[in-house]
Amino acid sequence: MSLSRKWGRPTTSRTSAQPIRTCAGCGRKAPQEELTRFAAVDGRLTPGRTLPGRGVYTCPRLACFERAASRNAFSRVLRRTVAVEPELAGLYTGSFMIGTFMEIAR
């Protein structure tokens with residue numbers, strides 16, 4: 001660590017240029033690629049990295065997803081009311097099928 005010339009403050013060097021995001025369930029900060037992204041599509045919470053609009057992230061743990069859902073963190077971060085389908089918990093348990101969810105969402 002070195003001191004900046006102008007302010008005399010310690011400078012930090014970033015080891016990576018990855019965006020850092022915060023988990024809506026536990027508040028842990030992590031690189032974007034380590035977290036699961038959700039967005040609001042037609043008033044429903046939908047997983048997807050490339051969906052348009054504001055996104056909300058959770059750690060890849062079921063406990064974080066459940067905590068975010070119980071505290072209405074998804075609606076708060078997305079700044080709109082969203083329905084959290086129980087089937088989304090399957091993302092964390094391995095029983096989630098995208099085709100089935102998309103049919104439900106329509």
# chains A, B, ... in the order shown; residues from 1 in each chain; ligands from 1
$ residues_around --residues "Phe38 in chain A" --least-positions-apart "5" --cutoff "7 Å" --atoms "only C-alpha atoms" --output "list in words"
Leu45, Thr46, Pro47, Gly48, Gly55, Val56 and Tyr57 of chain A
$ write_last_selection --atoms "C-alpha atoms" --output "short mmCIF file (atom, residue, chain, number, x, y, z; two decimals), in the first residue's frame"
data_model
loop_
_atom_site.label_atom_id
_atom_site.label_comp_id
_atom_site.auth_asym_id
_atom_site.auth_seq_id
_atom_site.Cartn_x
_atom_site.Cartn_y
_atom_site.Cartn_z
CA LEU A 45 -39.67 -12.12 -9.73
CA THR A 46 -37.73 -13.78 -12.56
CA PRO A 47 -34.16 -15.10 -12.58
CA GLY A 48 -31.89 -13.96 -15.37
CA GLY A 55 -31.90 -6.17 -10.72
CA VAL A 56 -31.57 -7.69 -7.28
CA TYR A 57 -28.95 -10.26 -6.26
#
$ residues_around --residues "range 92-94 of chain A" --least-positions-apart "6" --cutoff "7 Å" --atoms "only C-alpha atoms" --output "list in words"
Pro60, Arg61 and Leu62 of chain A
$ closest_residue --among "A:Ala24, A:Ala40, A:Val82, A:Leu35" --to "Glu66 in chain A" --atoms "only C-alpha atoms"
A:Ala24
$ closest_residue --among "A:Pro52, A:Pro31, A:Gly25, A:Gly90" --to "Asn72 in chain A" --atoms "only C-alpha atoms"
A:Gly25
$ select_by_dssp --residues "range 34-70 of chain A" --states "alpha helix (DSSP H)" --output "ChimeraX atom specification"
/A:62-70
$ write_last_selection --atoms "N, CA and C atoms" --output "PDB file, in the first residue's frame"
ATOM      1  N   LEU A  62     -29.956 -21.080  -0.316  1.00  0.00           N
ATOM      2  CA  LEU A  62     -31.398 -21.019  -0.113  1.00  0.00           C
ATOM      3  C   LEU A  62     -31.756 -20.101   1.048  1.00  0.00           C
ATOM      4  N   ALA A  63     -30.955 -20.103   2.109  1.00  0.00           N
ATOM      5  CA  ALA A  63     -31.237 -19.267   3.280  1.00  0.00           C
ATOM      6  C   ALA A  63     -31.272 -17.784   2.911  1.00  0.00           C
ATOM      7  N   CYS A  64     -30.387 -17.349   2.040  1.00  0.00           N
ATOM      8  CA  CYS A  64     -30.370 -15.939   1.629  1.00  0.00           C
ATOM      9  C   CYS A  64     -31.622 -15.605   0.819  1.00  0.00           C
ATOM     10  N   PHE A  65     -32.009 -16.492  -0.078  1.00  0.00           N
ATOM     11  CA  PHE A  65     -33.220 -16.264  -0.876  1.00  0.00           C
ATOM     12  C   PHE A  65     -34.446 -16.177   0.025  1.00  0.00           C
ATOM     13  N   GLU A  66     -34.570 -17.121   0.966  1.00  0.00           N
ATOM     14  CA  GLU A  66     -35.729 -17.134   1.854  1.00  0.00           C
ATOM     15  C   GLU A  66     -35.762 -15.904   2.745  1.00  0.00           C
ATOM     16  N   ARG A  67     -34.608 -15.468   3.215  1.00  0.00           N
ATOM     17  CA  ARG A  67     -34.554 -14.283   4.074  1.00  0.00           C
ATOM     18  C   ARG A  67     -34.951 -13.036   3.287  1.00  0.00           C
ATOM     19  N   ALA A  68     -34.466 -12.918   2.065  1.00  0.00           N
ATOM     20  CA  ALA A  68     -34.826 -11.769   1.226  1.00  0.00           C
ATOM     21  C   ALA A  68     -36.327 -11.770   0.933  1.00  0.00           C
ATOM     22  N   ALA A  69     -36.896 -12.937   0.691  1.00  0.00           N
ATOM     23  CA  ALA A  69     -38.325 -13.031   0.409  1.00  0.00           C
ATOM     24  C   ALA A  69     -39.154 -12.674   1.644  1.00  0.00           C
ATOM     25  N   SER A  70     -38.752 -13.154   2.812  1.00  0.00           N
ATOM     26  CA  SER A  70     -39.536 -12.912   4.022  1.00  0.00           C
ATOM     27  C   SER A  70     -39.460 -11.449   4.473  1.00  0.00           C
TER      28      SER A  70
END
$ atom_distance --atom1 "CA of Gln18 in chain A" --atom2 "CA of Leu78 in chain A"
21.8 Å
$ atom_distance --atom1 "CA of Gly43 in chain A" --atom2 "CA of Cys23 in chain A"
20.7 Å
$ atom_distance --atom1 "CA of Val77 in chain A" --atom2 "CA of Gln32 in chain A"
15.9 Å
$ closest_residue --among "A:Thr50, A:Ser75, A:Thr22, A:Thr58" --to "Ala89 in chain A" --atoms "only C-alpha atoms"
A:Thr58
$ decode --residues "range 25-50 of chain A" --atoms "C-alpha atoms" --output "PDB file, in the first residue's frame"
ATOM      1  CA  GLY A  25     -30.645 -11.667   1.963  1.00  0.00           C
ATOM      2  CA  CYS A  26     -27.471 -11.447   4.040  1.00  0.00           C
ATOM      3  CA  GLY A  27     -25.879  -8.189   2.886  1.00  0.00           C
ATOM      4  CA  ARG A  28     -22.607  -9.827   1.838  1.00  0.00           C
ATOM      5  CA  LYS A  29     -20.751  -8.044  -0.953  1.00  0.00           C
ATOM      6  CA  ALA A  30     -19.399 -10.280  -3.707  1.00  0.00           C
ATOM      7  CA  PRO A  31     -18.420 -10.153  -7.381  1.00  0.00           C
ATOM      8  CA  GLN A  32     -21.446 -10.063  -9.652  1.00  0.00           C
ATOM      9  CA  GLU A  33     -20.675 -13.450 -11.215  1.00  0.00           C
ATOM     10  CA  GLU A  34     -20.924 -15.221  -7.817  1.00  0.00           C
ATOM     11  CA  LEU A  35     -24.488 -14.049  -7.162  1.00  0.00           C
ATOM     12  CA  THR A  36     -27.857 -14.931  -8.698  1.00  0.00           C
ATOM     13  CA  ARG A  37     -29.656 -12.022 -10.378  1.00  0.00           C
ATOM     14  CA  PHE A  38     -33.401 -11.493 -10.424  1.00  0.00           C
ATOM     15  CA  ALA A  39     -35.532  -8.846 -12.141  1.00  0.00           C
ATOM     16  CA  ALA A  40     -39.226  -7.986 -12.207  1.00  0.00           C
ATOM     17  CA  VAL A  41     -41.081  -9.193 -15.296  1.00  0.00           C
ATOM     18  CA  ASP A  42     -44.807  -8.443 -15.365  1.00  0.00           C
ATOM     19  CA  GLY A  43     -44.885  -8.091 -11.582  1.00  0.00           C
ATOM     20  CA  ARG A  44     -43.184 -11.444 -10.948  1.00  0.00           C
ATOM     21  CA  LEU A  45     -39.672 -12.122  -9.729  1.00  0.00           C
ATOM     22  CA  THR A  46     -37.734 -13.780 -12.558  1.00  0.00           C
ATOM     23  CA  PRO A  47     -34.157 -15.104 -12.581  1.00  0.00           C
ATOM     24  CA  GLY A  48     -31.889 -13.961 -15.370  1.00  0.00           C
ATOM     25  CA  ARG A  49     -28.623 -12.137 -15.919  1.00  0.00           C
ATOM     26  CA  THR A  50     -29.689 -10.383 -19.109  1.00  0.00           C
TER      27      THR A  50
END
